[in-house]
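All remarks here apply to the structure that follows.
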Amino acid sequence: MPLFVGRTDTLARLDAALAPDGGRRLPALVLVAGEAGMGKTAVLARFADQVTARGGRAIWGTCWDAEQAPAYWPWTQALRPLIDDSAPGDADLGVIVPGHATPAEGSARFRVFDAVGRLLAREVGRVPVVVILDDLQWADRSSLDLIRFLAGVPMPGPVLIAGAYRPDELGPATGGALAALAADRVTLAGLSPAEVADLVAATAGPHAASWADMVHKRSGGHPFFARELAQVLAAGDPAAVPDAVRDAIASRLARVGEPCRRMLEAAAVAGPRLLPDVLASVTGEEAASLIAEASVAGLLTAAASGHSRDAAGFAHDLYREALYASLAPPVRADLHHRVAEALLRRRDRGGTVYAAELARHFAAAVTVAGTAPAITWARRAAGDEAARYAFTEAGDHLRRARTAIADAGLSLSDADLIDLYAGEADLRARAGDTEAAQHLLAAAWQRASDRADPEPMGAVALGYDRLGARFAMPRTELVATLDRALQALAGTGSAAEARVTAALARQLQHSVVRDRPRARPLADHAVALARDLADPATLADCLLAQHDTRWTPGTASQRATIAGEITELARRSGDRERYAQGLQLAATAHLEAGSPAFRAALAQYADATAELRQPRHDYLLRTRQAALALLDGDIDAGERLSAEAAALGERVGDRDAGNVRMSQKLEVVRARADPDALRETAAEAVRWWVGAPAHAHAVAAGFSARAGDLDTARRHADTVLALDDWRTDRSYLWSIFIGELVVAAIALRDTALCRHLLDDLQPLADTCAVNGALVCFQGAHAHRVGLLHAALGEPAPARERLEQALDIHRRLGAHAWEAETRAALDGLEAPAAGSASLRRVGDMWLASYKGQTAYLRDAKGLRDLARLLARPGEDISALELAGAADVTGTGEPALDRAALSAYRRRLADLDSEIAAANDRADLGRRERASAEREQLLAELGRSTRRDGSSRSLGATSAERARKAVTARIRDAIRRIDHSLPDLATHLDRTIRTGVVCRYNP
C-alpha cells in the first residue's frame, strides 16, 4: 500500500459526492487544487482504492502538457478500459479512443460527447463509477468541454468526475474554463505537525520522531518535500539538505549508474508516457533493466493498483520537470530529435504514435532537425485535431511550430509562413477567436502582397472573406483586398480565381447600394469558371455568390434551385458547413414562397449545424431558433433566444451579429406595440443602418406611426422619398423596408405613396416577406397589399388579398400574423353613411365621425368598440367581447334568504322612523335613521342583482368580464377624445357597458 497520511476531510467529501441519492441523477463533479507535490494524486488514488474495494470502478486519465498530447488525451486513457470491457462500441468513440473503431464519417462533437455519456451510463448501471482526471492544468480545451457536457447528463446511478490541478500553473483559458464548471472545490494545504510526524515515522522509522518538528518547519507541511527530507535524513546526513527537492533528486540520481541517468534524461524529454522501445532506441541500451534500476532508486514507479494509469512513470512530475530543466539547450534539442526519430520508427512498426507528439518534438528540435519536419508534423497534428473539432488545439500546433522556428533564429520561406498564418487564422476563426484570426491574416497579407504571389494572395483574401462583415456598411478594405487578389489571379482559370471572384461578388452584393451593380456579372463569371473545373467544392462556393446576387423579393423559386445544387455539391465534396448553409438558404426560399416545406428544411439545417459544433455555427443556429419562435407567435421565447444568440455572436466576433439582433428586435417591439419602445427603436434604426439610409428611415417612419407620432413619421417618410434609390434598393432587408413604409403611408393618408407601394407589392402578393437568411419572418405580402387597397378605398380587392394572407399565415403556422390579418379583415366592415366607425388599417385604427377621421394606435378597448359599432342596437355580452368562456360561475350567495329578509325588515322600520321624525320635526333622529338607511341600501346594492336575488360571494366570469371590458372601453373613449372629441362625446352617450354591452346610436 503506498504511503499515505492525513486528508481525511478530503476523502470524506469525495465519498459524500459519490453517495447514491436514489433514482436518476447528474454526475457529481469535484475539483481538487494544490501545488505540485501537495498530495492531489495520492488522495485521489487512495479514494480510487476505496471505491474499488467497495465494488465500484475507478478509471483514470492524466493530462500531459498540451504541447505533448493530442486533444482528449486524459479521456482517451480513462475510457479505454471501459471500451475494452464492453461489446462492440459506438464508432463515434473512435474520435476519442483511436484504434477502438474507425470514426464514423461526419462524426460531430455532439455525437462524440453523447457516445461517451452512453458509455458511462452503461457502466454506471452496473456499479458506481469514479472518473479521475489528473493534472487538469495541462488539459486541452476539448477535454474540459467534455467534462462540462457530461456534468449535465443524467446517469442511472452514482458517478463522480474528480479532477486535480495546480492552480499556480493555470493559463487564462484553462483557468476560465475550470472556473466556469459547477463543481465542489477542495484546496489542499500543508499537512499538520502531527500528520508530518506520522509521515516521518512511516518514511524513516519510529526513531526519526525527533526530526518531525524540523521537517515540518523546513517543508511547510508540503507532503512531497516532507517525505523527501525524511528519506535524506534517514540516509544519515541531515546537515546536507539545503534544498529539499534538489537534494532529493540528486540523492536518488546518485544511486543509479550513468546509463540509467541517460535513460532518465531521455524519458524526461519524451514526456510522461514511458515507452521502453523508444527509450532503448534513443539510448542504445536495453530499457527494461534501466527502468527497474530507476524504480529501485525511487525515481520511477510502476502502475498503481486499483485504477488505470500508464504502465510506468516518474514517481513525481517534479522529478521529470527538474531533470528536463537541468539539461543544457543543445542537449535538450538533440534528445527531442532522437525521441522524434524513435517515435517514427515505432510508428513504422505499427505502434500507436500521435501526430501531436511528433509535432512537439520536432518543434523543439528545429536547431537539429531543421524546419521541414516541424512544419510537416504541425500541419498533420492540426489536421488531426481539426477533424476532432478541437480547433483551438489545432491552431496551437501551427503557432508552436512557427514560434519555435523564429525563436531558434531560423527562417521560413514566404510561402510556408503565409500558409501557416492563413491556416492558423482559419482555425482561430472556427474556434471563435476572430480578433486573433484578423491579426494573423494581416501578417499573411503583408507578405503575400509584397511578393505579388497570386495563389497566396488568393488564399489570404479568402480568409478575410470567411470572417465576413456587417451588412449594409461599406466594405472598402475587404473589397480592395479581394480586388487586388483577383487582379493577380486573373486569367489563370484556377479554382483560386473562381473562388476569389465569387467572394468579391458576394461582398459587393452585401455592401452598400453603390457597390452592387458589379456583383452579378462577377458571380456569373465565377460559376462559368467553376463549371469548367468540375470541382464540386469550388462550384458550390461560386453558386453561393450567384444565389446572393439574385437575392431579392420574387426570386424564391430560382434561389431554391440554386440552394438545392449547393447542398448536393457540398454533400459530394464532404463540406459540412456549405451543406448546412445550402439547407438554410433552401428553407428561406420555401418560406418566401409561402410553403410549409420550410420547416422540414429548417429542421435539417438545425441537425447539420448542431453536428458542426463550432462556436459560430452555434450562434447561427440560435438566431434561427429565435426567428422560428417569433414566427410561431411566441414573442417572449423569441426575444430570449435572440438575446442568447446576440451574446454568442459577440463572443465569436461575428461581424453581422448586431444587424441580426436589430432585425429580430424590430419584430419583438412591433408585436408588443409599446409606444415608448417604438419611438426608441425608431431612433435606434436610424443610428444603426447608417449604410442604408432608405431602409433606416423607412423603419423609423413605420415605428413612429405605430407609436402615434405622425409628425415624426412624416419627416422620416419624406427622407426616404428624397433618396434616389428608395425604389431600386432591393436587398434582402427590403421586406422590413417596404413593410414599415406601408404602415407610415397608411397612417399619414399619403394616397400617392400608398399607390406607389401597391404597384411595387402587387407582383409579390403570392409570396412572403423574410428578412435575410431566415433572420425574421415579416408576414405575407398579400397582407400589406390588402391594407393598401383598404386605405385607397378599395374594399373588394382588400378583402380578397387579406383572405389570401390569412390562408398563407394559417398554412405556415404564423399565429401572430394570422391574428393580425384576421383583425384587419374584421376592420373592413363598411360603416353606415354619417355614423361613427372604427376600421382596422394595418396596425392602426381609422376612426371616423361626421366627416372627421383620425388614426389611433391599437388597443383592446378599440377592438371592443369596433364590434359594438358594427352591430348597432344589438346586445353583446361582456364575456363575448372579452373572449372568455361562457360560464356564469356559481359561488355561495353573499346574503342568504334570512339575511335578505332581515335587511328588508330593517329598511321598512327605518322608513317608518324617518316618517315619524318628519312629523315631529326631529332633525337629529331623521339624520341618524337616514344615514343607516343609506348604508343598508349600499350593502344591498353590492350583494344583490337588479332582480333582487343575491349575488355570488365570489366574482363570476361574467362579473370579471364586465369589469375588464368596461375599463378598457372607457380608456379607449378617453384616447379617442384626444383626436376626435366629438366622436368621444357621441360614444360616451351611446355606449352602454355592463354584463351586457350595447351601442344605441
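Every chain in the C-alpha cells takes a letter, A first, then B, and so on in the order presented; its residues are numbered from 1, and the ligands are numbered from 1 following the presented order.
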Write out as a list in words the residues lying within 10 Å of A:Leu620, counting only C-alpha atoms and excluding same-chain residues fewer than 5 positions away.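 Here the qualifying residues turn out to be Ala606, Thr609, Ala610, Gln614, Pro615, Gln625, Ala645, Ala646, Leu648, Gly649, Asp654, Ala657, Val660 and Val775 of chain A.
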Residues from last step as file, N, CA and C atoms, as a PDB file, in the first residue's frame:
```pdb
ATOM      1  N   ALA A 606     -30.892  22.626 -38.843  1.00  0.00           N
ATOM      2  CA  ALA A 606     -30.564  22.595 -37.414  1.00  0.00           C
ATOM      3  C   ALA A 606     -29.730  21.367 -37.075  1.00  0.00           C
ATOM      4  N   THR A 609     -26.193  21.824 -38.554  1.00  0.00           N
ATOM      5  CA  THR A 609     -25.439  22.849 -37.842  1.00  0.00           C
ATOM      6  C   THR A 609     -25.007  22.353 -36.471  1.00  0.00           C
ATOM      7  N   ALA A 610     -25.900  21.630 -35.792  1.00  0.00           N
ATOM      8  CA  ALA A 610     -25.547  21.102 -34.468  1.00  0.00           C
ATOM      9  C   ALA A 610     -24.357  20.160 -34.560  1.00  0.00           C
ATOM     10  N   GLN A 614     -19.211  24.177 -33.906  1.00  0.00           N
ATOM     11  CA  GLN A 614     -18.293  25.307 -33.899  1.00  0.00           C
ATOM     12  C   GLN A 614     -19.013  26.492 -33.276  1.00  0.00           C
ATOM     13  N   PRO A 615     -18.297  27.344 -32.544  1.00  0.00           N
ATOM     14  CA  PRO A 615     -18.970  28.464 -31.882  1.00  0.00           C
ATOM     15  C   PRO A 615     -19.799  29.323 -32.824  1.00  0.00           C
ATOM     16  N   GLN A 625     -33.412  29.685 -34.402  1.00  0.00           N
ATOM     17  CA  GLN A 625     -34.379  29.234 -33.400  1.00  0.00           C
ATOM     18  C   GLN A 625     -35.206  30.424 -32.905  1.00  0.00           C
ATOM     19  N   ALA A 645     -28.556  34.503 -28.646  1.00  0.00           N
ATOM     20  CA  ALA A 645     -27.795  34.456 -29.894  1.00  0.00           C
ATOM     21  C   ALA A 645     -26.859  35.656 -30.000  1.00  0.00           C
ATOM     22  N   ALA A 646     -27.352  36.833 -29.620  1.00  0.00           N
ATOM     23  CA  ALA A 646     -26.512  38.028 -29.699  1.00  0.00           C
ATOM     24  C   ALA A 646     -25.281  37.900 -28.812  1.00  0.00           C
ATOM     25  N   LEU A 648     -23.831  35.057 -27.954  1.00  0.00           N
ATOM     26  CA  LEU A 648     -22.941  34.114 -28.634  1.00  0.00           C
ATOM     27  C   LEU A 648     -22.222  34.790 -29.792  1.00  0.00           C
ATOM     28  N   GLY A 649     -22.955  35.578 -30.568  1.00  0.00           N
ATOM     29  CA  GLY A 649     -22.358  36.260 -31.707  1.00  0.00           C
ATOM     30  C   GLY A 649     -21.261  37.219 -31.297  1.00  0.00           C
ATOM     31  N   ASP A 654     -18.789  37.573 -34.588  1.00  0.00           N
ATOM     32  CA  ASP A 654     -19.485  37.593 -35.868  1.00  0.00           C
ATOM     33  C   ASP A 654     -19.797  39.043 -36.253  1.00  0.00           C
ATOM     34  N   ALA A 657     -23.603  40.096 -36.302  1.00  0.00           N
ATOM     35  CA  ALA A 657     -24.459  39.733 -35.167  1.00  0.00           C
ATOM     36  C   ALA A 657     -25.359  40.891 -34.743  1.00  0.00           C
ATOM     37  N   VAL A 660     -28.339  41.254 -37.139  1.00  0.00           N
ATOM     38  CA  VAL A 660     -29.340  40.218 -36.916  1.00  0.00           C
ATOM     39  C   VAL A 660     -30.153  40.533 -35.661  1.00  0.00           C
ATOM     40  N   VAL A 775     -33.739  35.287 -40.913  1.00  0.00           N
ATOM     41  CA  VAL A 775     -33.479  36.026 -39.671  1.00  0.00           C
ATOM     42  C   VAL A 775     -34.794  36.365 -38.994  1.00  0.00           C
TER      43      VAL A 775
END
```
Extract, using only C-alpha atoms, all DNA, RNA and protein residues at most 10 Å from A:Pro693, discarding same-chain residues fewer than 5 positions from it, and format them as number ranges by chain. A: 472, 685-688, 698-699, 719-720, 723, 725-726
Please provide the set of residues having any atom within 10 Å of A:Glu820, restricted to only C-alpha atoms, with same-chain residues fewer than 4 positions apart removed, written as a list of chain:residue names. A:Ala671, A:Gly779, A:His783, A:Leu806, A:His809, A:His815, A:Ala816, A:Ala824, A:Leu825, A:Asp826, A:Arg840, A:Gly842, A:Asp843
With a distance cut-off of 8 Å and only C-alpha atoms, select the neighbouring residues of stretch 739-741 of chain A, excluding the residue or stretch itself and same-chain residues fewer than 2 positions from it, and output the selection as a VMD selection string. chain A and resid 698 to 703 717 735 to 737 743 to 745 778 784
Excluding stretch 585-596 of chain A and any residue of its chain fewer than 2 positions from it, enumerate the residues within 8 Å of it, using only C-alpha atoms, and give them as a PyMOL selection string. chain A and resi 556-557+559-560+563-564+581-583+598-602+766-770+773-774+780+808+811-812
